[in-house]
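This report concerns only the one structure given below.
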Amino acid sequence: MIKKVLVVAAAVMSMSSMVQADGKGAYAAGGCGGCHGATGKSVVPIYPNLAGQHAAYIVKQLKDFQSGARKDPTMSAMAPLAKGKEQEIADWLAKQ
Ligand code: HEC
């Protein structure tokens, strides 16, 4: 019985760390940290802080950059790298 509970707990823990690693991994793979900082805390004044922003807002901005509804010479070129991973990246950034 106790063994079973431990196995379930371990599975849930590894699942939640996988979800985390996914957003973090996609953010790193997109090269986002080069401008916005490794955990979304930018050290360059012209690049916005992403850490702690609402996930829904981050997702909307990424989709707006992708669709052209929001335009920026730098970020419009970067947004496609987050395609399909917007929610994971945003969820992770919101928790930083
Ligand atoms: C070469 C630098 C650079 C890289 C790399 C970059 N960005 Fe950006 N990002 C910017 C700039 C500059 C802005 C501000 C654009 C503007 O003024 O509208 C921005 C804005 C944003 C915003 C909107 C923030 C807000 O407060 O409205 C989000 C979200 C974002 N970036 C996410 C990402 C993600 C995710 C990646 C990786 C796929 C990424 N960025 C890669 C430069 C960069």
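Starting from 1 in every chain, residues are counted up; chains themselves are A, B, ... following the order of the structure tokens, and ligands are numbered from 1 as listed.
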Contacts of chain A with ligand 1 up to 9 Å, shortest pair per row, only C-alpha atoms and all ligand atoms, as CSV:
residue,atom,partner,partner_atom_place_in_ligand_line,distance
A:Ala26,CA,ligand 1,38 (C),7.7
A:Tyr27,CA,ligand 1,37 (C),5.6
A:Ala28,CA,ligand 1,37 (C),7.6
A:Ala29,CA,ligand 1,38 (C),7.8
A:Gly30,CA,ligand 1,38 (C),4.2
A:Gly31,CA,ligand 1,5 (C),5.3
A:Cys32,CA,ligand 1,37 (C),3.4
A:Gly33,CA,ligand 1,5 (C),6.6
A:Gly34,CA,ligand 1,5 (C),5.4
A:Cys35,CA,ligand 1,2 (C),4.4
A:His36,CA,ligand 1,7 (N),6.2
A:Gly40,CA,ligand 1,32 (C),8.7
A:Ile46,CA,ligand 1,12 (C),6.0
A:Tyr47,CA,ligand 1,12 (C),4.8
A:Pro48,CA,ligand 1,26 (O),5.6
A:Asn49,CA,ligand 1,26 (O),6.7
A:Leu50,CA,ligand 1,24 (C),6.1
A:Gln53,CA,ligand 1,26 (O),7.5
A:Ala55,CA,ligand 1,29 (C),9.0
A:Tyr57,CA,ligand 1,29 (C),7.6
A:Ile58,CA,ligand 1,29 (C),4.4
A:Val59,CA,ligand 1,29 (C),6.8
A:Lys60,CA,ligand 1,29 (C),7.9
A:Gln61,CA,ligand 1,29 (C),5.3
A:Leu62,CA,ligand 1,29 (C),5.5
A:Phe65,CA,ligand 1,22 (C),8.4
A:Arg70,CA,ligand 1,18 (O),7.1
A:Lys71,CA,ligand 1,18 (O),6.3
A:Asp72,CA,ligand 1,18 (O),5.0
A:Pro73,CA,ligand 1,12 (C),7.8
A:Thr74,CA,ligand 1,42 (C),5.5
A:Met75,CA,ligand 1,10 (C),4.5
A:Ser76,CA,ligand 1,15 (C),8.0
A:Ala77,CA,ligand 1,6 (C),8.3
A:Met78,CA,ligand 1,41 (C),5.1
A:Ala79,CA,ligand 1,38 (C),5.2
A:Pro80,CA,ligand 1,38 (C),7.0
A:Leu81,CA,ligand 1,38 (C),4.8
A:Ala82,CA,ligand 1,38 (C),4.6
A:Lys83,CA,ligand 1,38 (C),8.2
A:Lys85,CA,ligand 1,35 (C),8.7
A:Glu86,CA,ligand 1,35 (C),7.2
A:Ile89,CA,ligand 1,35 (C),6.5
A:Ala90,CA,ligand 1,35 (C),7.6
A:Leu93,CA,ligand 1,35 (C),8.9
Next item on the list: Could you find all residues in segment 49-83 of chain A that DSSP calls helix (DSSP H, G or I) from the backbone, and write them as number ranges by chain?
Entry: A: 55-67, 75-82
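Among the candidates A:Asp64, A:Ala51, A:Ala56, A:Gly37, the residue lying nearest to Trp92 of chain A is A:Ala51 (atoms considered: only C-alpha atoms).
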Checklist line | atom CA of Pro45 of chain A to atom CA of Glu88 of chain A, straight-line distance in Å | finding: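 Atom CA of Pro45 of chain A lies at a distance of 25.3 Å from atom CA of Glu88 of chain A.
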Margin query: I'd like to know which of A:His54, A:Val44, A:Thr39, A:Lys63 is closest to Lys24 of chain A, using only C-alpha atoms.
Written below: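 For Lys24 of chain A, the nearest of the given residues is A:Thr39.
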